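Colleague: To start, I am sharing the structure in question, which I have written as structure tokens.
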Amino acid sequence: MPPNNGGFMVAAYVAAAVIYLSYAAWLYWRSRSR
Amino acid sequence: MTAISSAERSLRRSGLWMAIALVLMAGVYVRALAFTPEEATQGLAQKIFYVHAPSAWVAFLAFGIVGVTSALYLFLRDPRLDLFAASAAEVGTVFTTAVLVTGPIWGKEIWGAWWTWDARLTLTLFLWFIYLAYLVLRTAVEEPGRRARYSAVLGILGALLVPFIHVSVYLFRTLHPMPVVLRPGRPLLPGSMLITLASSFTVFTLFFVALLARRYAWARLVDARAQGEAERADASK
């Protein structure tokens, strides 16, 4: 039986998504041509 | 076409690429989380590998680009090379941040510790420090030529760490797992996991290219506007 550790998986995927989406959003809005 | 309108066009195009890359990233998440088998000994925590390893690959690619473009800048003194290196360094630092956050979450479950001063982990942390210093240096030096020269030297020195980090698991006694794909001989992953990993590597690379294109177009736009203002100020004297 594999260990029941889905919480760690979810934490890592959410953390990566937060980092990438925050940067992409910051870059997109900051660089929008005015 | 003026430098400003060319940069503005690149900005618009890069927005589309960013959107496409984000949709594909969502696809990778779905594939990894819902359609990839669970590993027998590590359980679901093993799936962290599908975001951690491609992030590391992209970070190394980004810093490799910084090293090459910085070296070229020192020979050719073309300011576009400096802007490109700075853009790659910023995006690479973001990917390294993701590596340094996802790795310890996996480590806590599998090793029982968030962090260990293992050679690969420590060198990756130092790589992150070097490129943070690189980004701070760029904001601290105002004269463009001097800023580009100093940044190029630091960018090259940071990039020299990348091959050491890649072979660190062979050179030193480390806890970090050995490569399972980028290794001599056949990959050690079964087919379905290999497909997930390969698509993850491809999509993360595409996401990096889209972010880099956006960051570089923005840097060019800022640079072109500053030059335009300087020329107008000269003309009005």
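Residues in the structure tokens are named by chain (A, B, ... in the order shown) and by number from 1 within that chain; ligands are numbered from 1 in the order shown.
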Can you list, as a list of chain:residue names, all residues belonging to chain A that DSSP tags as alpha helix (DSSP H)?
Modeller: A:Gly6, A:Gly7, A:Phe8, A:Met9, A:Val10, A:Ala11, A:Ala12, A:Tyr13, A:Val14, A:Ala15, A:Ala16, A:Ala17, A:Val18, A:Ile19, A:Tyr20, A:Leu21, A:Ser22, A:Tyr23, A:Ala24, A:Ala25, A:Trp26, A:Leu27, A:Tyr28, A:Trp29, A:Arg30
Colleague: If you keep N, CA and C atoms, can you produce a file of those selected residues as a short mmCIF file (atom, residue, chain, number, x, y, z; two decimals), in the first residue's frame?
Modeller:
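See again.cif below for the written result:
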```
data_model
loop_
_atom_site.label_atom_id
_atom_site.label_comp_id
_atom_site.auth_asym_id
_atom_site.auth_seq_id
_atom_site.Cartn_x
_atom_site.Cartn_y
_atom_site.Cartn_z
N GLY A 6 -1.40 12.57 0.06
CA GLY A 6 -1.90 13.49 -0.96
C GLY A 6 -1.81 14.96 -0.56
N GLY A 7 -1.81 15.24 0.76
CA GLY A 7 -1.72 16.63 1.23
C GLY A 7 -0.42 17.31 0.80
N PHE A 8 0.68 16.55 0.86
CA PHE A 8 1.97 17.10 0.43
C PHE A 8 1.96 17.41 -1.07
N MET A 9 1.35 16.48 -1.82
CA MET A 9 1.27 16.68 -3.28
C MET A 9 0.47 17.95 -3.58
N VAL A 10 -0.69 18.07 -2.94
CA VAL A 10 -1.55 19.24 -3.20
C VAL A 10 -0.82 20.53 -2.79
N ALA A 11 -0.14 20.50 -1.62
CA ALA A 11 0.58 21.69 -1.15
C ALA A 11 1.62 22.13 -2.17
N ALA A 12 2.37 21.17 -2.72
CA ALA A 12 3.43 21.51 -3.67
C ALA A 12 2.84 22.05 -4.98
N TYR A 13 1.77 21.43 -5.46
CA TYR A 13 1.16 21.89 -6.72
C TYR A 13 0.55 23.28 -6.55
N VAL A 14 -0.09 23.51 -5.40
CA VAL A 14 -0.68 24.84 -5.16
C VAL A 14 0.43 25.89 -5.03
N ALA A 15 1.49 25.54 -4.29
CA ALA A 15 2.60 26.50 -4.11
C ALA A 15 3.20 26.88 -5.46
N ALA A 16 3.45 25.87 -6.32
CA ALA A 16 4.03 26.16 -7.65
C ALA A 16 3.07 27.03 -8.46
N ALA A 17 1.78 26.71 -8.41
CA ALA A 17 0.79 27.49 -9.18
C ALA A 17 0.76 28.93 -8.70
N VAL A 18 0.82 29.12 -7.38
CA VAL A 18 0.79 30.49 -6.83
C VAL A 18 2.01 31.27 -7.31
N ILE A 19 3.18 30.64 -7.25
CA ILE A 19 4.42 31.33 -7.67
C ILE A 19 4.33 31.71 -9.16
N TYR A 20 3.97 30.76 -10.00
CA TYR A 20 3.96 31.03 -11.44
C TYR A 20 2.86 32.00 -11.84
N LEU A 21 1.66 31.81 -11.28
CA LEU A 21 0.55 32.71 -11.66
C LEU A 21 0.80 34.12 -11.15
N SER A 22 1.37 34.24 -9.94
CA SER A 22 1.64 35.58 -9.42
C SER A 22 2.63 36.31 -10.32
N TYR A 23 3.69 35.61 -10.70
CA TYR A 23 4.69 36.26 -11.56
C TYR A 23 4.10 36.61 -12.92
N ALA A 24 3.37 35.65 -13.52
CA ALA A 24 2.79 35.89 -14.86
C ALA A 24 1.82 37.08 -14.79
N ALA A 25 1.00 37.14 -13.73
CA ALA A 25 0.04 38.24 -13.61
C ALA A 25 0.76 39.56 -13.40
N TRP A 26 1.77 39.54 -12.52
CA TRP A 26 2.55 40.77 -12.27
C TRP A 26 3.19 41.24 -13.57
N LEU A 27 3.83 40.32 -14.29
CA LEU A 27 4.53 40.69 -15.53
C LEU A 27 3.53 41.21 -16.57
N TYR A 28 2.40 40.53 -16.67
CA TYR A 28 1.40 40.93 -17.69
C TYR A 28 0.86 42.33 -17.41
N TRP A 29 0.43 42.57 -16.18
CA TRP A 29 -0.19 43.88 -15.87
C TRP A 29 0.83 45.00 -15.88
N ARG A 30 2.04 44.70 -15.36
CA ARG A 30 3.07 45.73 -15.26
C ARG A 30 3.52 46.17 -16.66
#
```
Colleague: Where does chain B meet chain A within 9 Å, residue by residue, with the nearest atom pair and distance in Å to one decimal for each, counting only C-alpha atoms, listed by chain and rising number, as a Markdown table?
Modeller:
```
| residue | atom | partner | partner_atom | distance |
| --- | --- | --- | --- | --- |
| B:Glu8 | CA | A:Ser33 | CA | 6.7 |
| B:Leu11 | CA | A:Arg32 | CA | 7.7 |
| B:Arg12 | CA | A:Ser33 | CA | 8.5 |
| B:Gly15 | CA | A:Tyr28 | CA | 7.3 |
| B:Met18 | CA | A:Ala24 | CA | 7.9 |
| B:Leu22 | CA | A:Leu21 | CA | 8.6 |
| B:Tyr29 | CA | A:Tyr13 | CA | 8.0 |
| B:Leu33 | CA | A:Met9 | CA | 8.8 |
| B:Glu38 | CA | A:Pro2 | CA | 7.9 |
| B:Glu39 | CA | A:Pro2 | CA | 7.2 |
| B:Ala40 | CA | A:Pro2 | CA | 5.2 |
| B:Thr41 | CA | A:Pro2 | CA | 5.3 |
| B:Gln42 | CA | A:Pro2 | CA | 6.3 |
| B:Gly43 | CA | A:Pro2 | CA | 4.6 |
| B:Leu44 | CA | A:Gly6 | CA | 5.2 |
| B:Ala45 | CA | A:Met9 | CA | 4.8 |
| B:Gln46 | CA | A:Met9 | CA | 7.6 |
| B:Lys47 | CA | A:Met9 | CA | 6.5 |
| B:Ile48 | CA | A:Met9 | CA | 5.7 |
| B:Val51 | CA | A:Tyr13 | CA | 7.2 |
| B:His52 | CA | A:Ala16 | CA | 8.6 |
| B:Val91 | CA | A:Tyr23 | CA | 8.6 |
| B:Val94 | CA | A:Ile19 | CA | 7.3 |
| B:Phe95 | CA | A:Tyr20 | CA | 7.8 |
| B:Thr97 | CA | A:Ile19 | CA | 7.8 |
| B:Ala98 | CA | A:Ala16 | CA | 5.5 |
| B:Val99 | CA | A:Ala16 | CA | 8.4 |
| B:Val101 | CA | A:Ala15 | CA | 7.3 |
| B:Thr102 | CA | A:Ala12 | CA | 5.0 |
| B:Gly103 | CA | A:Ala12 | CA | 8.3 |
| B:Ile105 | CA | A:Phe8 | CA | 6.2 |
| B:Trp106 | CA | A:Phe8 | CA | 6.8 |
| B:Lys108 | CA | A:Phe8 | CA | 8.6 |
| B:Glu109 | CA | A:Phe8 | CA | 7.1 |
| B:Leu211 | CA | A:Ala24 | CA | 7.1 |
| B:Arg214 | CA | A:Leu27 | CA | 7.7 |
| B:Arg215 | CA | A:Leu27 | CA | 7.1 |
| B:Ala217 | CA | A:Ser31 | CA | 8.7 |
| B:Trp218 | CA | A:Ser31 | CA | 5.7 |
| B:Ala219 | CA | A:Ser31 | CA | 8.8 |
| B:Leu221 | CA | A:Ser33 | CA | 8.8 |
```
Colleague: So that I can see what lies close to Ala159 (chain B), please list as a list in words the residues with an atom at most 6 Å from it, counting only C-alpha atoms and leaving out residues fewer than 6 positions away in the same chain.
Modeller: Phe63, Gly64 and Gly67 of chain B
Colleague: Do a neighbour search on Leu61 (chain B) at 8 Å with only C-alpha atoms, toss out local chain neighbours closer than 4 positions, and write the hits as a compact mmCIF listing (two decimals) with N, CA and C atoms, in the first residue's frame.
Modeller:
```
# COMPACT_ATOMS: atom_id res chain seq x y z
N TRP B 57 14.84 22.16 -14.52
CA TRP B 57 15.38 22.16 -15.88
C TRP B 57 15.29 23.56 -16.48
N ILE B 65 21.28 30.49 -20.46
CA ILE B 65 21.07 31.59 -21.41
C ILE B 65 21.72 32.87 -20.88
N GLY B 92 14.31 33.02 -14.63
CA GLY B 92 15.00 31.87 -14.04
C GLY B 92 14.91 31.89 -12.51
```
Colleague: So how many Å separate CA of Thr96 (chain B) and CA of Ala59 (chain B), to one decimal?
Modeller: 5.6 Å
